[in-house]
Amino acid sequence: MDEGSPGGDGRESCAPLRLAIVAGSAIAFAPLPPRGSVVLGREEGCDVRIDDRSVSRRHAALHVGPPLRVEDLGSANGTFIGEQQLPALTARTHRLRRLSRESAEIVVGERFNLGATTVVVGRAPAGPAVEPDRGHAPEDVVVRAPAMVALYEQAARAARSPISVLILGETGVGKEVLARTLHACSPRASGPYVELHCAALPPSLLEGELFGHEKSAFTGASQARPGLIESADGGTLFLDEIGELPLAFQVKLLRVLEDRKVLRLGGRTPRRVDLRFVAATNRDLEAEIARGAFRQDLYFRLNGISLVVPPLRERRDEIAPLARKFLDEACRHLDQRSAPRISPEALGVLEAYSWPGNVRELRNVIERAAVLCAGESVLPGDLPPHLVCGAAPPLGGSAPPPSSATAPRAGSVPPPPSAAPPRAGSVPPPPSAAPPRAGSVPPPPSDAARARGDLGGDGAEPPAAAAEPSSPTPRAEAMAKLRLEMKALERQRVIEALEQSAGNQTRAAKLLGVSLRTLINRIDEYGIPRPRKRTP
């Protein structure tokens with residue numbers, strides 16, 4: 001990474017820059033330096049590594065100015081930037097210009113493509129405050145569903161007492177938000193709020209982080225250090241995923257809960273602490289107790305009162321406001337002047353989905369849509385394909401959560417289903433095709449998807465259409481109509497690509513960004529007469 005200082009006016013932004021990298025249904029982030037050059041590519045030595053077959057080993061360089069410039073380094077599948085268009089056309093089209101060993105200026109929030117991967121330079125969220133975290137509850141917590149209203153009323157009553165609280169619920173439902181609200185509503189609100197994810201640290205580090213250590217307690221302990229329990233003195237300690245805590249540490253934690261004293265590693269004198277414990281888990285702790293993986297006495301000490309957060313599929317009234325909130329935040333980080341609205345069709349898709357990843361998955365989906373949306377509205381085509389087609393998420397699980405800022409040379413972006421370069425005339429997959437192989441989900445026909453050129457290349461087939469109910473609802477009828485329109489649009493684009501390539505199927509497949517086999521399958525499926533090669 002070149003930390004040189006290119007010419008410019010020297011103005012510094014209020015927030016650091018980062019890359020948002022969209023590959024298939026996943027989105028990942030990588031930080032950028034204040035100035036200098038960053039090499040993007042598939043090679044291990046690149047500053048930001050993108051694990052995608054359509055990305056060259058050293059694909060492009062991003063020069064962080066001012067001004068911002070992206071430079072193609074002779075890539076095989078091309079580096080593409082958007083062309084200026086008439087305002088009336090931007091809602092439906094996203095024309096691209098290919099860079100060939102040349103550079104072009106871009107602005108924060110503008111997308112560009114490396115092969116089949118979409119990249120956007122945006123603003124990173126504000127870093128952690130220097131002041132101790134006081135655990136302020138978010139001001140815009142969305143509480144609309146009756147079950148959530150009752151839950152937060154119960155939490156407000158429990159917050160006034162010093163009793164330990166156990167928060168239960170599926171992954172991604174918002175247990176941390178509830179824990180912060182408990183602290184903010186308690187008499188300890190002016191004290192510190194300390195979090196520990198019990199599954200994030202290996203056992204070799206967990207004890208020192210939790211209980212602290214004295215000087216010379218082990219090799220490298222040059223000075224005494226308080227643990228998180230001591231750091232939370234006078235406030236609240238939130239133990240996330242308490243079900244992952246190893247049995248050896250459960251005994252020590254139980255002793256702290258009972259005696260309100262903590263003994264540092266290498267220490268001989270316990271230190272008295274005054275704090276409140278809030279724990280959370282997505283596991284069934286009673287079942288864990290039955291199989292000997294969790295101590296029953298610790299469970300009784302933590303479970304002074306239990307609060308169960310319902311999954312997002314049971315609080316559909318909150319999907320629309322949560323989606324708008326996440327969209328506003330994502331567009332603010334991308335330096336967009338105003339956030340696009342969510343179209344009624346896209347909102348219907350969001351509300352019809354079961355959300356196995358809950359609020360965390362919804363945030364990931366909306367951040368992806370903010371990057372891919374090319375017009376004034378988020379359309380169904382800007383959403384991941386498993387939402388639009390009613391299929392299960394990739395790999396049979398929830399959609400991946402937003403990646404934390406990926407350190408250069410360390411993070412990698414999962415490859416999208418198609419490795420073909422983007423073309424303006426690429427074809428979206430029809431919903432009636434066979435299911436894709438594991439880990440490969442082709443995107444629907446959004447403008448950005450056309451820019452990436454995804455059509456289930458390399459022989460990957462799109463997901464099967466969801467089975468229609470015997471008496472279709474208006475929403476199901478609208479989805480069926482959308483699928484028919486998508487098939488008609490795809491057929492027309494196949495015909496146009498064949499005409500542009502003078503009947504050469506190999507060239508037409510490259511134009512569409514798909515394999516030759518996929519194109520031949522589409523020609524047969526749509527009953528298009530086999531073209532005869534002619535001189536263009």
# chains A, B, ... in the order shown; residues from 1 in each chain; ligands from 1
call {"tool": "residues_around", "arguments": {"residues": "Val107 of chain A", "least_positions_apart": "2", "cutoff": "10 Å", "atoms": "only C-alpha atoms", "output": "list in words"}}
result
Pro66, Pro67, Leu68, Arg69, Glu105, Gly109, Glu110, Arg111, Val120, Val121, Gly122, Leu334 and Asp335 of chain A
call {"tool": "residues_around", "arguments": {"residues": "Arg341 of chain A", "least_positions_apart": "6", "cutoff": "9 Å", "atoms": "only C-alpha atoms", "output": "JSON, numbers by chain"}}
result
{"A": [324, 327, 376, 377, 378]}
call {"tool": "write_last_selection", "arguments": {"atoms": "N, CA, C and O atoms", "output": "PDB file, in the first residue's frame"}}
result
ATOM      1  N   ARG A 324     -36.235   1.118   6.285  1.00  0.00           N
ATOM      2  CA  ARG A 324     -35.994   2.535   5.964  1.00  0.00           C
ATOM      3  C   ARG A 324     -34.871   3.096   6.833  1.00  0.00           C
ATOM      4  O   ARG A 324     -34.045   3.890   6.365  1.00  0.00           O
ATOM      5  N   LEU A 327     -31.621   1.779   5.485  1.00  0.00           N
ATOM      6  CA  LEU A 327     -31.320   2.376   4.177  1.00  0.00           C
ATOM      7  C   LEU A 327     -30.789   3.788   4.353  1.00  0.00           C
ATOM      8  O   LEU A 327     -29.837   4.198   3.675  1.00  0.00           O
ATOM      9  N   GLU A 376     -34.148   5.948  -8.225  1.00  0.00           N
ATOM     10  CA  GLU A 376     -34.719   6.643  -7.073  1.00  0.00           C
ATOM     11  C   GLU A 376     -35.487   5.707  -6.162  1.00  0.00           C
ATOM     12  O   GLU A 376     -35.977   6.132  -5.115  1.00  0.00           O
ATOM     13  N   SER A 377     -35.624   4.434  -6.549  1.00  0.00           N
ATOM     14  CA  SER A 377     -36.370   3.469  -5.745  1.00  0.00           C
ATOM     15  C   SER A 377     -35.606   2.156  -5.683  1.00  0.00           C
ATOM     16  O   SER A 377     -34.975   1.746  -6.665  1.00  0.00           O
ATOM     17  N   VAL A 378     -35.675   1.513  -4.531  1.00  0.00           N
ATOM     18  CA  VAL A 378     -35.160   0.157  -4.397  1.00  0.00           C
ATOM     19  C   VAL A 378     -36.199  -0.789  -4.985  1.00  0.00           C
ATOM     20  O   VAL A 378     -37.354  -0.822  -4.533  1.00  0.00           O
TER      21      VAL A 378
END
call {"tool": "atom_distance", "arguments": {"atom1": "atom CA of Asn358 of chain A", "atom2": "atom CA of Pro246 of chain A"}}
result
26.7 Å
call {"tool": "residues_around", "arguments": {"residues": "segment 343-352 of chain A", "least_positions_apart": "2", "cutoff": "7 Å", "atoms": "only C-alpha atoms", "output": "list of chain:residue names"}}
result
A:Arg316, A:Ile319, A:Ala320, A:Arg341, A:Ser354, A:Ser377, A:Val378, A:Leu379, A:Pro380, A:Leu387, A:Val388
call {"tool": "closest_atom_pairs", "arguments": {"of": "segment 172-219 of chain A", "to": "segment 279-289 of chain A", "cutoff": "12 Å", "atoms": "only C-alpha atoms", "output": "Markdown table"}}
result
| residue | atom | partner | partner_atom | distance |
| --- | --- | --- | --- | --- |
| A:Gly172 | CA | A:Asn282 | CA | 9.2 |
| A:Val173 | CA | A:Asn282 | CA | 9.5 |
| A:Gly174 | CA | A:Ala280 | CA | 10.3 |
| A:Lys175 | CA | A:Ala280 | CA | 6.8 |
| A:Glu176 | CA | A:Ala280 | CA | 8.0 |
| A:Val177 | CA | A:Ala280 | CA | 11.1 |
| A:Leu178 | CA | A:Ala280 | CA | 9.9 |
| A:Ala179 | CA | A:Ala279 | CA | 8.3 |
| A:Arg180 | CA | A:Ala279 | CA | 11.6 |
| A:Leu182 | CA | A:Ala279 | CA | 11.5 |
| A:Val194 | CA | A:Ala279 | CA | 11.7 |
| A:Glu195 | CA | A:Ala279 | CA | 9.8 |
| A:Leu196 | CA | A:Ala279 | CA | 9.6 |
| A:His197 | CA | A:Ala280 | CA | 9.6 |
| A:Cys198 | CA | A:Thr281 | CA | 9.9 |
| A:Ala199 | CA | A:Thr281 | CA | 10.7 |
call {"tool": "write_last_selection", "arguments": {"atoms": "N, CA and C atoms", "output": "PDB file, in the first residue's frame"}}
result
ATOM      1  N   GLY A 172     -29.473 -12.607  15.917  1.00  0.00           N
ATOM      2  CA  GLY A 172     -29.787 -11.413  15.130  1.00  0.00           C
ATOM      3  C   GLY A 172     -31.103 -10.753  15.441  1.00  0.00           C
ATOM      4  N   VAL A 173     -31.775 -11.103  16.537  1.00  0.00           N
ATOM      5  CA  VAL A 173     -33.088 -10.502  16.816  1.00  0.00           C
ATOM      6  C   VAL A 173     -32.989  -9.141  17.494  1.00  0.00           C
ATOM      7  N   GLY A 174     -31.822  -8.785  18.033  1.00  0.00           N
ATOM      8  CA  GLY A 174     -31.667  -7.499  18.706  1.00  0.00           C
ATOM      9  C   GLY A 174     -31.473  -7.619  20.200  1.00  0.00           C
ATOM     10  N   LYS A 175     -30.794  -8.675  20.645  1.00  0.00           N
ATOM     11  CA  LYS A 175     -30.581  -8.856  22.087  1.00  0.00           C
ATOM     12  C   LYS A 175     -29.645  -7.781  22.646  1.00  0.00           C
ATOM     13  N   GLU A 176     -28.656  -7.385  21.852  1.00  0.00           N
ATOM     14  CA  GLU A 176     -27.721  -6.354  22.323  1.00  0.00           C
ATOM     15  C   GLU A 176     -28.434  -5.013  22.497  1.00  0.00           C
ATOM     16  N   VAL A 177     -29.344  -4.684  21.593  1.00  0.00           N
ATOM     17  CA  VAL A 177     -30.090  -3.428  21.704  1.00  0.00           C
ATOM     18  C   VAL A 177     -30.917  -3.422  22.986  1.00  0.00           C
ATOM     19  N   LEU A 178     -31.528  -4.550  23.305  1.00  0.00           N
ATOM     20  CA  LEU A 178     -32.307  -4.637  24.535  1.00  0.00           C
ATOM     21  C   LEU A 178     -31.407  -4.515  25.763  1.00  0.00           C
ATOM     22  N   ALA A 179     -30.205  -5.110  25.705  1.00  0.00           N
ATOM     23  CA  ALA A 179     -29.275  -5.008  26.832  1.00  0.00           C
ATOM     24  C   ALA A 179     -28.864  -3.556  27.068  1.00  0.00           C
ATOM     25  N   ARG A 180     -28.593  -2.814  26.014  1.00  0.00           N
ATOM     26  CA  ARG A 180     -28.239  -1.402  26.159  1.00  0.00           C
ATOM     27  C   ARG A 180     -29.413  -0.605  26.723  1.00  0.00           C
ATOM     28  N   LEU A 182     -31.702  -1.767  28.723  1.00  0.00           N
ATOM     29  CA  LEU A 182     -31.772  -2.101  30.154  1.00  0.00           C
ATOM     30  C   LEU A 182     -30.796  -1.239  30.954  1.00  0.00           C
ATOM     31  N   VAL A 194     -20.097  -2.480  29.672  1.00  0.00           N
ATOM     32  CA  VAL A 194     -19.022  -3.293  29.108  1.00  0.00           C
ATOM     33  C   VAL A 194     -19.621  -4.537  28.473  1.00  0.00           C
ATOM     34  N   GLU A 195     -19.173  -4.845  27.261  1.00  0.00           N
ATOM     35  CA  GLU A 195     -19.672  -6.010  26.535  1.00  0.00           C
ATOM     36  C   GLU A 195     -18.558  -7.029  26.357  1.00  0.00           C
ATOM     37  N   LEU A 196     -18.922  -8.293  26.411  1.00  0.00           N
ATOM     38  CA  LEU A 196     -18.001  -9.391  26.087  1.00  0.00           C
ATOM     39  C   LEU A 196     -18.762 -10.450  25.319  1.00  0.00           C
ATOM     40  N   HIS A 197     -18.269 -10.763  24.115  1.00  0.00           N
ATOM     41  CA  HIS A 197     -18.836 -11.857  23.331  1.00  0.00           C
ATOM     42  C   HIS A 197     -18.078 -13.115  23.718  1.00  0.00           C
ATOM     43  N   CYS A 198     -18.731 -14.010  24.421  1.00  0.00           N
ATOM     44  CA  CYS A 198     -18.054 -15.169  25.000  1.00  0.00           C
ATOM     45  C   CYS A 198     -17.495 -16.130  23.958  1.00  0.00           C
ATOM     46  N   ALA A 199     -18.016 -16.089  22.743  1.00  0.00           N
ATOM     47  CA  ALA A 199     -17.520 -16.986  21.698  1.00  0.00           C
ATOM     48  C   ALA A 199     -16.439 -16.341  20.844  1.00  0.00           C
TER      49      ALA A 199
END
call {"tool": "select_by_dssp", "arguments": {"residues": "segment 281-354 of chain A", "states": "helix (DSSP H, G or I)", "output": "PyMOL selection string"}}
result
chain A and resi 285-290+296-302+312-314+316-333+344-352
call {"tool": "select_by_dssp", "arguments": {"residues": "segment 202-408 of chain A", "states": "strand (DSSP E)", "output": "mmCIF file with N, CA, C and O atoms, in the first residue's frame"}}
result
data_model
loop_
_atom_site.group_PDB
_atom_site.id
_atom_site.type_symbol
_atom_site.label_atom_id
_atom_site.label_comp_id
_atom_site.auth_asym_id
_atom_site.auth_seq_id
_atom_site.Cartn_x
_atom_site.Cartn_y
_atom_site.Cartn_z
ATOM 1 N N GLY A 212 -8.808 -10.267 34.436
ATOM 2 C CA GLY A 212 -7.626 -9.430 34.562
ATOM 3 C C GLY A 212 -6.437 -10.225 35.067
ATOM 4 O O GLY A 212 -6.527 -11.426 35.329
ATOM 5 N N HIS A 213 -5.283 -9.558 35.217
ATOM 6 C CA HIS A 213 -4.090 -10.252 35.694
ATOM 7 C C HIS A 213 -3.184 -9.267 36.426
ATOM 8 O O HIS A 213 -3.227 -8.044 36.207
ATOM 9 N N ARG A 225 -3.259 -5.493 34.912
ATOM 10 C CA ARG A 225 -4.338 -5.053 34.019
ATOM 11 C C ARG A 225 -5.671 -5.534 34.560
ATOM 12 O O ARG A 225 -5.844 -6.735 34.789
ATOM 13 N N PRO A 226 -6.635 -4.638 34.778
ATOM 14 C CA PRO A 226 -7.958 -5.074 35.242
ATOM 15 C C PRO A 226 -8.707 -5.787 34.134
ATOM 16 O O PRO A 226 -8.536 -5.487 32.943
ATOM 17 N N THR A 236 -22.770 -1.971 34.167
ATOM 18 C CA THR A 236 -23.384 -3.213 33.674
ATOM 19 C C THR A 236 -22.371 -3.984 32.845
ATOM 20 O O THR A 236 -21.657 -3.397 32.021
ATOM 21 N N LEU A 237 -22.308 -5.295 33.051
ATOM 22 C CA LEU A 237 -21.501 -6.187 32.225
ATOM 23 C C LEU A 237 -22.451 -7.045 31.397
ATOM 24 O O LEU A 237 -23.269 -7.783 31.949
ATOM 25 N N PHE A 238 -22.347 -6.930 30.082
ATOM 26 C CA PHE A 238 -23.194 -7.700 29.172
ATOM 27 C C PHE A 238 -22.384 -8.856 28.610
ATOM 28 O O PHE A 238 -21.379 -8.654 27.917
ATOM 29 N N LEU A 239 -22.795 -10.077 28.919
ATOM 30 C CA LEU A 239 -22.131 -11.292 28.448
ATOM 31 C C LEU A 239 -22.960 -11.884 27.309
ATOM 32 O O LEU A 239 -23.981 -12.548 27.539
ATOM 33 N N ASP A 240 -22.548 -11.605 26.090
ATOM 34 C CA ASP A 240 -23.274 -12.103 24.920
ATOM 35 C C ASP A 240 -22.857 -13.543 24.637
ATOM 36 O O ASP A 240 -21.693 -13.911 24.812
ATOM 37 N N LYS A 261 -16.905 -10.565 44.172
ATOM 38 C CA LYS A 261 -15.473 -10.350 44.266
ATOM 39 C C LYS A 261 -14.811 -11.021 43.069
ATOM 40 O O LYS A 261 -15.273 -12.058 42.591
ATOM 41 N N VAL A 262 -13.711 -10.431 42.596
ATOM 42 C CA VAL A 262 -12.990 -10.982 41.467
ATOM 43 C C VAL A 262 -11.516 -11.127 41.850
ATOM 44 O O VAL A 262 -10.939 -10.242 42.484
ATOM 45 N N ARG A 271 -10.857 -8.659 44.775
ATOM 46 C CA ARG A 271 -11.273 -7.257 44.730
ATOM 47 C C ARG A 271 -12.795 -7.210 44.637
ATOM 48 O O ARG A 271 -13.406 -7.882 43.817
ATOM 49 N N ARG A 272 -13.390 -6.379 45.486
ATOM 50 C CA ARG A 272 -14.850 -6.277 45.508
ATOM 51 C C ARG A 272 -15.330 -5.449 44.315
ATOM 52 O O ARG A 272 -14.730 -4.426 43.959
ATOM 53 N N ARG A 276 -23.914 -5.005 37.596
ATOM 54 C CA ARG A 276 -25.082 -5.806 37.228
ATOM 55 C C ARG A 276 -24.723 -6.683 36.036
ATOM 56 O O ARG A 276 -24.060 -6.237 35.100
ATOM 57 N N PHE A 277 -25.182 -7.923 36.080
ATOM 58 C CA PHE A 277 -24.915 -8.874 34.998
ATOM 59 C C PHE A 277 -26.146 -8.984 34.100
ATOM 60 O O PHE A 277 -27.265 -9.212 34.590
ATOM 61 N N VAL A 278 -25.926 -8.813 32.809
ATOM 62 C CA VAL A 278 -26.945 -9.087 31.795
ATOM 63 C C VAL A 278 -26.315 -10.093 30.828
ATOM 64 O O VAL A 278 -25.225 -9.844 30.293
ATOM 65 N N ALA A 279 -26.956 -11.219 30.630
ATOM 66 C CA ALA A 279 -26.438 -12.262 29.736
ATOM 67 C C ALA A 279 -27.440 -12.515 28.614
ATOM 68 O O ALA A 279 -28.640 -12.252 28.762
ATOM 69 N N ALA A 280 -26.939 -13.010 27.488
ATOM 70 C CA ALA A 280 -27.809 -13.307 26.341
ATOM 71 C C ALA A 280 -27.310 -14.573 25.664
ATOM 72 O O ALA A 280 -26.116 -14.880 25.674
ATOM 73 N N THR A 281 -28.228 -15.298 25.074
ATOM 74 C CA THR A 281 -27.872 -16.508 24.338
ATOM 75 C C THR A 281 -28.974 -16.865 23.362
ATOM 76 O O THR A 281 -30.145 -16.511 23.567
ATOM 77 N N ILE A 305 -34.375 -12.779 35.938
ATOM 78 C CA ILE A 305 -35.578 -12.571 35.114
ATOM 79 C C ILE A 305 -35.152 -12.815 33.676
ATOM 80 O O ILE A 305 -34.052 -12.423 33.271
ATOM 81 N N SER A 306 -35.974 -13.495 32.932
ATOM 82 C CA SER A 306 -35.652 -13.792 31.526
ATOM 83 C C SER A 306 -36.578 -13.001 30.609
ATOM 84 O O SER A 306 -37.780 -12.886 30.863
ATOM 85 N N LEU A 307 -35.988 -12.449 29.563
ATOM 86 C CA LEU A 307 -36.718 -11.698 28.542
ATOM 87 C C LEU A 307 -36.499 -12.387 27.210
ATOM 88 O O LEU A 307 -35.349 -12.627 26.820
ATOM 89 N N VAL A 308 -37.565 -12.714 26.511
ATOM 90 C CA VAL A 308 -37.486 -13.427 25.235
ATOM 91 C C VAL A 308 -37.800 -12.455 24.100
ATOM 92 O O VAL A 308 -38.901 -11.887 24.047
ATOM 93 N N ARG A 341 -36.271 5.664 -2.074
ATOM 94 C CA ARG A 341 -37.401 5.073 -1.367
ATOM 95 C C ARG A 341 -37.454 3.575 -1.680
ATOM 96 O O ARG A 341 -36.858 3.108 -2.641
ATOM 97 N N ILE A 342 -38.164 2.852 -0.851
ATOM 98 C CA ILE A 342 -38.350 1.421 -1.080
ATOM 99 C C ILE A 342 -39.681 1.230 -1.806
ATOM 100 O O ILE A 342 -40.733 1.623 -1.291
ATOM 101 N N SER A 377 -35.624 4.434 -6.549
ATOM 102 C CA SER A 377 -36.370 3.469 -5.745
ATOM 103 C C SER A 377 -35.606 2.156 -5.683
ATOM 104 O O SER A 377 -34.975 1.746 -6.665
ATOM 105 N N VAL A 378 -35.675 1.513 -4.531
ATOM 106 C CA VAL A 378 -35.160 0.157 -4.397
ATOM 107 C C VAL A 378 -36.199 -0.789 -4.985
ATOM 108 O O VAL A 378 -37.354 -0.822 -4.533
#
call {"tool": "closest_atom_pairs", "arguments": {"of": "segment 176-272 of chain A", "to": "segment 290-303 of chain A", "cutoff": "12 Å", "atoms": "only C-alpha atoms", "output": "JSON lines"}}
result
{"residue": "A:Leu237", "atom": "CA", "partner": "A:Leu302", "partner_atom": "CA", "distance": 11.9}
{"residue": "A:Phe238", "atom": "CA", "partner": "A:Leu302", "partner_atom": "CA", "distance": 11.3}
{"residue": "A:Leu239", "atom": "CA", "partner": "A:Leu302", "partner_atom": "CA", "distance": 10.3}
{"residue": "A:Ile242", "atom": "CA", "partner": "A:Phe294", "partner_atom": "CA", "distance": 9.5}
{"residue": "A:Gly243", "atom": "CA", "partner": "A:Phe294", "partner_atom": "CA", "distance": 7.1}
{"residue": "A:Glu244", "atom": "CA", "partner": "A:Phe294", "partner_atom": "CA", "distance": 8.9}
{"residue": "A:Leu245", "atom": "CA", "partner": "A:Phe294", "partner_atom": "CA", "distance": 8.3}
{"residue": "A:Pro246", "atom": "CA", "partner": "A:Ala293", "partner_atom": "CA", "distance": 8.2}
{"residue": "A:Leu247", "atom": "CA", "partner": "A:Phe294", "partner_atom": "CA", "distance": 6.7}
{"residue": "A:Ala248", "atom": "CA", "partner": "A:Arg295", "partner_atom": "CA", "distance": 10.2}
{"residue": "A:Phe249", "atom": "CA", "partner": "A:Arg295", "partner_atom": "CA", "distance": 10.5}
{"residue": "A:Gln250", "atom": "CA", "partner": "A:Leu298", "partner_atom": "CA", "distance": 7.0}
{"residue": "A:Val251", "atom": "CA", "partner": "A:Leu298", "partner_atom": "CA", "distance": 7.8}
{"residue": "A:Lys252", "atom": "CA", "partner": "A:Leu298", "partner_atom": "CA", "distance": 9.9}
{"residue": "A:Leu253", "atom": "CA", "partner": "A:Leu298", "partner_atom": "CA", "distance": 7.9}
{"residue": "A:Leu254", "atom": "CA", "partner": "A:Leu298", "partner_atom": "CA", "distance": 5.5}
{"residue": "A:Arg255", "atom": "CA", "partner": "A:Leu298", "partner_atom": "CA", "distance": 9.1}
{"residue": "A:Val256", "atom": "CA", "partner": "A:Leu298", "partner_atom": "CA", "distance": 10.5}
{"residue": "A:Leu257", "atom": "CA", "partner": "A:Arg301", "partner_atom": "CA", "distance": 7.1}
{"residue": "A:Glu258", "atom": "CA", "partner": "A:Arg301", "partner_atom": "CA", "distance": 8.0}
{"residue": "A:Asp259", "atom": "CA", "partner": "A:Arg301", "partner_atom": "CA", "distance": 11.7}
call {"tool": "closest_residue", "arguments": {"among": "A:Val141, A:Ala330, A:Thr181, A:Glu490", "to": "Gln154 of chain A", "atoms": "only C-alpha atoms"}}
result
A:Thr181
